[in-house]
Amino acid sequence: LAHVSIVVSHLFLPYPIRKPFGSFCEVMPATPVASAPGTLHRTGLARSASRPHPASPLVQSVLRGEDADKFVRFRECMLRSDLEYQQHISERGEPRCYMDPVLERDSKAYVSFIKDLNNRGLIRWSTTPKESVGVFFIWKKNNKLIMICDARRSNARFREPPGVHLATGDSISRLEIPAGHDMFIAHLDLADYFHGLRISDELSDYFALPPVLAGSVGARWYEAGPLAQHDIVYPCFRSLPMGFTWALWGAQRCHEQVLDDIGGALRAERRMRD
């Protein structure tokens, strides 16, 4: 520890140490921002328009064994029982979901937003939703917006997911490079990764946005048959919602399963994780 203190004392700080209020201001851009017409064009999802979502694989088709079974039999493996749910609500209260203020107050903007989601294949129509969600946007470092699903009501109905083992700064700090050797690092970002993994229609019903009239969004069909213009339909997310407690675990296990299938230098024992 003394050695670390000496080394740090000789380092040049690239920026001054911020006071508490300054640190708070640094994270302020991560707070929700009000949307505007065409919001999705300012997100990374703009690239998804050319990739129809129905072509994306189901999570359970990528996973194997018990992992896949969790999504196939999600009612038994993921959902809380009625008794567990009631106990959870009695202890923590019934959650309320946050909705983007523009989409919540401006019906025309909301209908336009739903049409845009549908054109990108990110939602499906349902008349029997199981739970409701909200949606909001936050800024990313690249001056893009990211869409977040406020799934607190849905999450209350699901048990806690298994832990995810990722590589953090602590793992990287334990790397040792022999003298005279170089270390090469590459970074890869999978664009819209969560939206590239599809969930079943039954699971999708737990992530329903506020309802719309079928005629207002051009919805003519759903799983049970045709829709009339005056029918009320619920837009439900078809992909892993970013905000669902099981989404990170499912996405990471899919990623690891693909690497397992490739094998070689990417096999499990060569991966760094905490």
# chains A, B, ... in the order shown; residues from 1 in each chain; ligands from 1
>>> select_by_dssp(residues="segment 58-206 of chain A", states="strand (DSSP E)", output="count of residues only")
16
>>> closest_atom_pairs(of="segment 37-146 of chain A", to="segment 258-272 of chain A", cutoff="12 Å", atoms="only C-alpha atoms", output="Markdown table")
| residue | atom | partner | partner_atom | distance |
| --- | --- | --- | --- | --- |
| A:Val59 | CA | A:Val258 | CA | 11.7 |
| A:Ser61 | CA | A:Val258 | CA | 11.3 |
| A:Val62 | CA | A:Val258 | CA | 7.6 |
| A:Leu63 | CA | A:Val258 | CA | 8.5 |
| A:Arg64 | CA | A:Val258 | CA | 10.4 |
>>> residues_around(residues="Phe244 of chain A", least_positions_apart="6", cutoff="10 Å", atoms="only C-alpha atoms", output="list in words")
Val133, Ile148, Cys149, Asp150, Ala151, Arg152, Arg153, Ser154, Asn155, Phe158 and Phe207 of chain A
>>> residues_around(residues="Ile114 of chain A", least_positions_apart="5", cutoff="12 Å", atoms="only C-alpha atoms", output="ChimeraX atom specification")
/A:37-40,103,107-109,119-125,135,208-214,216-219,233-237
>>> atom_distance(atom1="atom CA of Asp67 of chain A", atom2="atom CA of Leu197 of chain A")
14.6 Å
>>> atom_distance(atom1="atom CA of Trp246 of chain A", atom2="atom CA of Leu58 of chain A")
14.6 Å
>>> select_by_dssp(residues="segment 92-252 of chain A", states="helix (DSSP H, G or I)", output="ChimeraX atom specification")
/A:92,101-105,107-119,152-155,169-173,194-196,201-204,214-217,247-252
>>> atom_distance(atom1="atom CA of Val164 of chain A", atom2="atom CA of Gln252 of chain A")
7.5 Å
>>> residues_around(residues="Pro162 of chain A", least_positions_apart="5", cutoff="12 Å", atoms="only C-alpha atoms", output="list in words")
Asp67, Lys70, Cys77, Met78, Thr245, Trp246, Ala247, Leu248, Trp249, Gly250, Gln252 and Arg253 of chain A
>>> residues_around(residues="segment 170-182 of chain A", least_positions_apart="4", cutoff="9 Å", atoms="only C-alpha atoms", output="JSON, numbers by chain")
{"A": [166, 272, 273, 274]}
>>> write_last_selection(atoms="all heavy atoms", output="PDB file, in the first residue's frame")
ATOM      1  N   LEU A 166     -18.542 -10.820 -15.225  1.00  0.00           N
ATOM      2  CA  LEU A 166     -17.899 -10.019 -16.250  1.00  0.00           C
ATOM      3  C   LEU A 166     -16.494  -9.628 -15.793  1.00  0.00           C
ATOM      4  O   LEU A 166     -16.153  -9.742 -14.616  1.00  0.00           O
ATOM      5  CB  LEU A 166     -18.721  -8.751 -16.531  1.00  0.00           C
ATOM      6  CG  LEU A 166     -20.176  -8.961 -16.942  1.00  0.00           C
ATOM      7  CD1 LEU A 166     -20.891  -7.620 -17.021  1.00  0.00           C
ATOM      8  CD2 LEU A 166     -20.253  -9.675 -18.289  1.00  0.00           C
ATOM      9  N   MET A 272     -11.412 -13.860 -19.499  1.00  0.00           N
ATOM     10  CA  MET A 272     -11.137 -13.166 -18.257  1.00  0.00           C
ATOM     11  C   MET A 272     -12.433 -12.697 -17.631  1.00  0.00           C
ATOM     12  O   MET A 272     -13.259 -12.070 -18.293  1.00  0.00           O
ATOM     13  CB  MET A 272     -10.224 -11.966 -18.526  1.00  0.00           C
ATOM     14  CG  MET A 272      -9.811 -11.209 -17.283  1.00  0.00           C
ATOM     15  SD  MET A 272      -8.560  -9.956 -17.652  1.00  0.00           S
ATOM     16  CE  MET A 272      -9.458  -8.934 -18.819  1.00  0.00           C
ATOM     17  N   ARG A 273     -12.638 -13.011 -16.392  1.00  0.00           N
ATOM     18  CA  ARG A 273     -13.843 -12.602 -15.684  1.00  0.00           C
ATOM     19  C   ARG A 273     -13.561 -12.560 -14.190  1.00  0.00           C
ATOM     20  O   ARG A 273     -12.596 -13.129 -13.715  1.00  0.00           O
ATOM     21  CB  ARG A 273     -15.002 -13.573 -15.973  1.00  0.00           C
ATOM     22  CG  ARG A 273     -14.731 -15.018 -15.570  1.00  0.00           C
ATOM     23  CD  ARG A 273     -15.986 -15.855 -15.781  1.00  0.00           C
ATOM     24  NE  ARG A 273     -16.295 -15.991 -17.173  1.00  0.00           N
ATOM     25  CZ  ARG A 273     -16.355 -17.156 -17.835  1.00  0.00           C
ATOM     26  NH1 ARG A 273     -16.064 -18.267 -17.192  1.00  0.00           N
ATOM     27  NH2 ARG A 273     -16.670 -17.193 -19.099  1.00  0.00           N
ATOM     28  N   ASP A 274     -14.418 -11.857 -13.465  1.00  0.00           N
ATOM     29  CA  ASP A 274     -14.270 -11.796 -11.999  1.00  0.00           C
ATOM     30  C   ASP A 274     -14.750 -13.097 -11.378  1.00  0.00           C
ATOM     31  O   ASP A 274     -15.654 -13.737 -11.899  1.00  0.00           O
ATOM     32  CB  ASP A 274     -15.077 -10.620 -11.443  1.00  0.00           C
ATOM     33  CG  ASP A 274     -14.383  -9.300 -11.723  1.00  0.00           C
ATOM     34  OD1 ASP A 274     -13.205  -9.326 -12.099  1.00  0.00           O
ATOM     35  OD2 ASP A 274     -15.039  -8.259 -11.589  1.00  0.00           O
TER      36      ASP A 274
END
